[in-house]
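Okay, input13.txt now, which holds compact mmCIF, C-alpha atoms:
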```
# COMPACT_ATOMS: atom_id res chain seq x y z
CA MET A 1005 -42.52 -25.48 -30.42
CA ALA A 1006 -46.15 -24.61 -29.68
CA ASN A 1007 -47.57 -21.34 -30.90
CA PRO A 1008 -45.52 -18.57 -29.31
CA VAL A 1009 -47.16 -16.48 -26.65
CA ARG A 1010 -46.12 -13.03 -25.53
CA LEU A 1011 -44.88 -12.48 -22.02
CA GLN A 1012 -45.35 -9.23 -20.15
CA LEU A 1013 -42.28 -8.92 -17.93
CA LYS A 1014 -41.48 -6.45 -15.19
CA ILE A 1015 -37.71 -6.15 -14.79
CA THR A 1016 -36.68 -4.55 -11.49
CA LEU A 1017 -33.13 -3.66 -10.54
CA GLU A 1018 -32.60 -4.95 -7.00
CA HIS A 1019 -31.18 -2.95 -4.06
CA VAL A 1020 -31.48 0.48 -5.71
CA GLU A 1021 -33.53 3.46 -4.53
CA PRO A 1022 -35.49 5.00 -6.06
CA ALA A 1023 -36.72 1.86 -7.79
CA VAL A 1024 -35.52 1.30 -11.35
CA TRP A 1025 -37.81 -0.92 -13.40
CA ARG A 1026 -38.93 -1.59 -16.96
CA ARG A 1027 -41.98 -3.36 -18.33
CA VAL A 1028 -41.50 -5.17 -21.62
CA VAL A 1029 -43.56 -7.51 -23.75
CA VAL A 1030 -41.56 -10.21 -25.50
CA SER A 1031 -42.28 -13.30 -27.54
CA ASP A 1032 -41.53 -16.51 -25.68
CA SER A 1033 -39.80 -17.67 -28.87
CA LEU A 1034 -36.85 -15.39 -28.02
CA THR A 1035 -33.65 -16.99 -26.81
CA PHE A 1036 -32.20 -15.94 -23.48
CA LEU A 1037 -29.39 -14.21 -25.38
CA GLN A 1038 -32.04 -12.13 -27.14
CA LEU A 1039 -33.72 -11.41 -23.79
CA HIS A 1040 -30.32 -10.27 -22.49
CA ASP A 1041 -30.16 -7.81 -25.42
CA VAL A 1042 -33.68 -6.57 -24.63
CA ILE A 1043 -32.75 -5.98 -20.98
CA GLN A 1044 -29.53 -4.21 -21.94
CA ARG A 1045 -31.41 -1.77 -24.19
CA ALA A 1046 -34.35 -1.27 -21.84
CA MET A 1047 -32.16 -0.57 -18.82
CA GLY A 1048 -29.61 1.52 -20.68
CA TRP A 1049 -26.69 -0.78 -19.88
CA GLU A 1050 -23.78 -0.89 -22.32
CA ASP A 1051 -23.36 -4.71 -22.50
CA CYS A 1052 -19.77 -4.53 -21.24
CA HIS A 1053 -19.95 -7.33 -18.67
CA MET A 1054 -20.79 -10.98 -18.18
CA HIS A 1055 -24.30 -12.07 -17.31
CA GLU A 1056 -26.53 -15.05 -16.68
CA PHE A 1057 -30.11 -15.95 -15.85
CA GLU A 1058 -31.28 -18.02 -12.90
CA LEU A 1059 -34.56 -19.82 -12.28
CA ALA A 1060 -35.52 -21.44 -8.99
CA GLY A 1061 -37.25 -24.72 -8.20
CA PRO A 1062 -35.27 -26.68 -9.42
CA ARG A 1063 -32.42 -24.23 -9.96
CA ILE A 1064 -31.59 -23.64 -13.62
CA ARG A 1065 -28.76 -21.41 -14.83
CA ILE A 1066 -28.80 -20.05 -18.37
CA GLY A 1067 -25.80 -18.29 -19.82
CA THR A 1068 -22.56 -19.23 -21.46
CA ASP A 1069 -20.16 -22.02 -20.59
CA GLU A 1070 -17.47 -20.83 -22.96
CA PRO A 1071 -14.15 -20.61 -21.13
CA ASP A 1072 -14.09 -16.81 -21.29
CA GLY A 1073 -17.84 -16.55 -20.67
CA PHE A 1074 -17.66 -16.34 -16.89
CA MET A 1075 -15.22 -16.50 -14.04
CA ASP A 1076 -14.80 -20.12 -13.01
CA PHE A 1077 -14.75 -20.35 -9.22
CA GLY A 1078 -14.69 -24.15 -9.36
CA ASP A 1079 -18.11 -24.56 -7.77
CA ARG A 1080 -20.27 -23.42 -10.66
CA GLU A 1081 -22.62 -25.89 -12.26
CA PRO A 1082 -23.03 -25.81 -16.04
CA CYS A 1083 -25.40 -23.39 -17.76
CA LEU A 1084 -27.97 -24.08 -20.41
CA PRO A 1085 -26.73 -22.32 -23.55
CA GLU A 1086 -28.39 -18.90 -23.77
CA HIS A 1087 -28.04 -18.70 -27.54
CA GLN A 1088 -30.10 -21.90 -27.97
CA THR A 1089 -32.46 -21.92 -24.99
CA ARG A 1090 -35.76 -20.21 -25.72
CA LEU A 1091 -37.95 -18.62 -23.07
CA ALA A 1092 -40.69 -21.13 -23.88
CA ASP A 1093 -38.25 -24.00 -23.17
CA VAL A 1094 -38.01 -23.26 -19.44
CA LEU A 1095 -40.59 -20.66 -18.38
CA ALA A 1096 -43.75 -22.78 -18.50
CA GLY A 1097 -45.42 -22.47 -15.11
CA LYS A 1098 -42.78 -20.02 -13.84
CA ARG A 1099 -43.68 -16.64 -12.33
CA LYS A 1100 -40.21 -15.22 -11.73
CA LEU A 1101 -36.56 -15.45 -12.72
CA ARG A 1102 -33.43 -13.43 -12.03
CA TYR A 1103 -30.85 -11.80 -14.27
CA TRP A 1104 -27.32 -11.15 -13.01
CA TYR A 1105 -25.33 -8.53 -14.87
CA ASP A 1106 -21.70 -7.59 -14.15
CA PHE A 1107 -20.38 -10.26 -11.82
CA GLY A 1108 -18.15 -7.67 -10.11
CA ASP A 1109 -20.71 -4.92 -9.47
CA ASP A 1110 -23.45 -7.54 -8.88
CA TRP A 1111 -26.43 -5.95 -10.56
CA TRP A 1112 -29.26 -8.41 -9.87
CA HIS A 1113 -32.61 -7.95 -11.57
CA THR A 1114 -35.87 -9.64 -10.64
CA ILE A 1115 -37.94 -10.50 -13.70
CA ALA A 1116 -41.60 -11.08 -12.87
CA ILE A 1117 -43.80 -12.71 -15.49
CA GLU A 1118 -46.87 -10.54 -15.05
CA LYS A 1119 -49.02 -11.83 -17.90
CA ARG A 1120 -49.05 -14.43 -20.63
CA LEU A 1121 -50.68 -12.86 -23.67
CA PRO A 1122 -51.92 -14.47 -26.88
CA ALA A 1123 -49.65 -14.62 -29.89
CA ASP A 1124 -49.85 -11.62 -32.21
CA SER A 1125 -48.12 -12.00 -35.57
CA ALA A 1126 -48.22 -8.21 -36.07
CA ALA A 1127 -46.46 -7.47 -32.76
CA ALA A 1128 -42.74 -6.77 -32.52
CA PRO A 1129 -40.72 -9.58 -30.90
CA ALA A 1130 -39.96 -7.20 -28.01
CA GLU A 1131 -41.26 -3.83 -26.95
CA LEU A 1132 -40.70 -1.54 -24.00
CA ILE A 1133 -44.07 -0.37 -22.64
CA ALA A 1134 -43.26 1.34 -19.32
CA GLY A 1135 -40.54 2.08 -16.81
CA GLU A 1136 -39.30 4.39 -14.10
CA ASN A 1137 -35.99 6.04 -13.25
CA ALA A 1138 -32.64 5.98 -14.96
CA CYS A 1139 -30.40 2.99 -14.56
CA PRO A 1140 -27.10 3.53 -12.73
CA PRO A 1141 -24.06 3.90 -14.99
CA GLU A 1142 -21.70 1.02 -15.70
CA ASP A 1143 -18.80 0.42 -13.30
CA CYS A 1144 -20.04 2.65 -10.47
CA GLY A 1145 -19.57 0.01 -7.77
CA GLY A 1146 -22.90 -1.76 -7.92
CA PRO A 1147 -25.80 -1.10 -5.55
CA TRP A 1148 -23.30 -0.23 -2.82
CA GLY A 1149 -21.14 2.21 -4.81
CA TYR A 1150 -24.01 3.89 -6.66
CA PRO A 1151 -25.32 5.90 -3.65
CA GLU A 1152 -21.77 7.09 -2.95
CA MET A 1153 -21.40 8.20 -6.56
CA MET A 1154 -24.73 10.04 -6.40
CA ALA A 1155 -23.77 11.79 -3.13
CA ALA A 1156 -20.45 12.86 -4.65
CA ALA A 1157 -22.22 14.16 -7.78
CA VAL A 1158 -24.34 16.63 -5.79
CA ASP A 1159 -21.55 17.71 -3.43
CA PRO A 1160 -19.54 20.53 -5.04
CA ALA A 1161 -16.83 20.10 -2.38
CA HIS A 1162 -16.31 16.43 -3.21
CA PRO A 1163 -12.94 15.77 -4.86
```
Would you mind writing the structure in this file as structure tokens?
Amino acid sequence: MANPVRLQLKITLEHVEPAVWRRVVVSDSLTFLQLHDVIQRAMGWEDCHMHEFELAGPRIRIGTDEPDGFMDFGDREPCLPEHQTRLADVLAGKRKLRYWYDFGDDWWHTIAIEKRLPADSAAAPAELIAGENACPPEDCGGPWGYPEMMAAAVDPAHP
């Protein structure tokens, strides 16, 4: 692999208001499984659900193909293995990718590659540098159930 570079990523949770986002800087030598761990920590998720990454043009899926790794609907193409595939392996020339967490609640995240920074041997492999708003809790019904949960939380008459 060429000398690793650092990627400044803006991770935005889709279909949620107010906007929930995090900005991280990561080494492109990380695997996608390690990026999943970074996202889980940065967003405050509890890593209780399945996930995968998706890149467009041509479409690439990165995740797990283990039998219990995802629900098989019969029409799913294979994934590149997230524990072996490094960011540098597939992100050259890319500006954006998506991260899908909790296949039931459908939390989709847009990950924009904002900057490619020079390697820095003194830098941590991943660091959170900015963000706004708390992430919704696990198992609240996704972007559609979350507003209902929030409305119920502020309504003292709600059962």
Mind pulling up the distance from CA of Gly1149 in chain A to CA of Trp1025 in chain A?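 CA of Gly1149 in chain A lies 19.0 Å from CA of Trp1025 in chain A.
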Using all atoms listed in the file, which residue out of A:Cys1052, A:Ala1156, A:Leu1017, A:Ala1128 lies closest to Asp1106 in chain A?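 Among the listed residues, A:Cys1052 lies closest to Asp1106 in chain A.
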Which neighbours of Tyr1150 in chain A fall inside 12 Å, counting only C-alpha atoms, when residues of the same chain fewer than 2 positions from it are skipped, and could you give them as a PyMOL selection string? chain A and resi 1019-1022+1109-1111+1139-1148+1152-1157
Just the number, please: distance in Å from CA of Arg1120 in chain A to CA of Leu1059 in chain A, one decimal.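 Distance between the two atoms: 17.6 Å.
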Mind checking which residues fall within 7 Å of Val1030 in chain A, counting only C-alpha atoms, ignoring those fewer than 2 positions away in the same chain, and posting them as a PyMOL selection string? chain A and resi 1010-1012+1028+1032+1129-1131
Between A:Ala1161, A:Leu1034, A:Ile1043, A:Ala1092, single out the one closest to Thr1114 in chain A, counting only C-alpha atoms.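 For Thr1114 in chain A, the nearest of the given residues is A:Ile1043.
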Would you compute the distance between CA of Ser1033 in chain A and CA of Pro1008 in chain A? Give it in Å to one decimal. 5.8 Å
Distance criterion (only C-alpha atoms): nearest to His1053 in chain A out of A:His1040, A:Arg1065, A:His1162, A:Arg1099: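 Of the candidates, the smallest distance to His1053 in chain A is held by A:His1040.
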Counting all atoms listed in the file, which of A:Lys1100, A:Val1094, A:Arg1063, A:Pro1160 gets nearest to Lys1119 in chain A? A:Lys1100
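Residue nearest Gly1048 in chain A, chosen from A:Val1158, A:Val1029, A:Leu1132, A:Val1009 and counting only C-alpha atoms: A:Leu1132.
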Which neighbours of Tyr1103 in chain A fall inside 8 Å, counting all atoms listed in the file, when residues of the same chain fewer than 5 positions from it are skipped, and could you give them as a VMD selection string? chain A and resid 1055 to 1058 1112 to 1115
Next, write the just-selected residues to a file, as an mmCIF file, in the frame of the given file, keeping C-alpha atoms as the atom set.
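Wrote it out as part-v9.cif, contents follow:
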```cif
data_model
loop_
_atom_site.group_PDB
_atom_site.id
_atom_site.type_symbol
_atom_site.label_atom_id
_atom_site.label_comp_id
_atom_site.auth_asym_id
_atom_site.auth_seq_id
_atom_site.Cartn_x
_atom_site.Cartn_y
_atom_site.Cartn_z
ATOM 1 C CA HIS A 1055 -24.300 -12.070 -17.310
ATOM 2 C CA GLU A 1056 -26.530 -15.050 -16.680
ATOM 3 C CA PHE A 1057 -30.110 -15.950 -15.850
ATOM 4 C CA GLU A 1058 -31.280 -18.020 -12.900
ATOM 5 C CA TRP A 1112 -29.260 -8.410 -9.870
ATOM 6 C CA HIS A 1113 -32.610 -7.950 -11.570
ATOM 7 C CA THR A 1114 -35.870 -9.640 -10.640
ATOM 8 C CA ILE A 1115 -37.940 -10.500 -13.700
#
```
Using only C-alpha atoms, the residue out of A:Pro1062, A:Pro1163, A:Pro1151, A:Gly1135 with shortest distance to Arg1026 in chain A is A:Gly1135
Using the file's own x, y and z axes, so that the box edges lie along x, y and z, what centre and edge lengths in Å (one decimal) does a box around every listed atom of range 1030-1046 of chain A get when 8 Å is added on each side? Give it as AutoDock Vina command-line options.
```
--center_x -35.8 --center_y -9.5 --center_z -24.9 --size_x 28.9 --size_y 32.4 --size_z 23.9
```
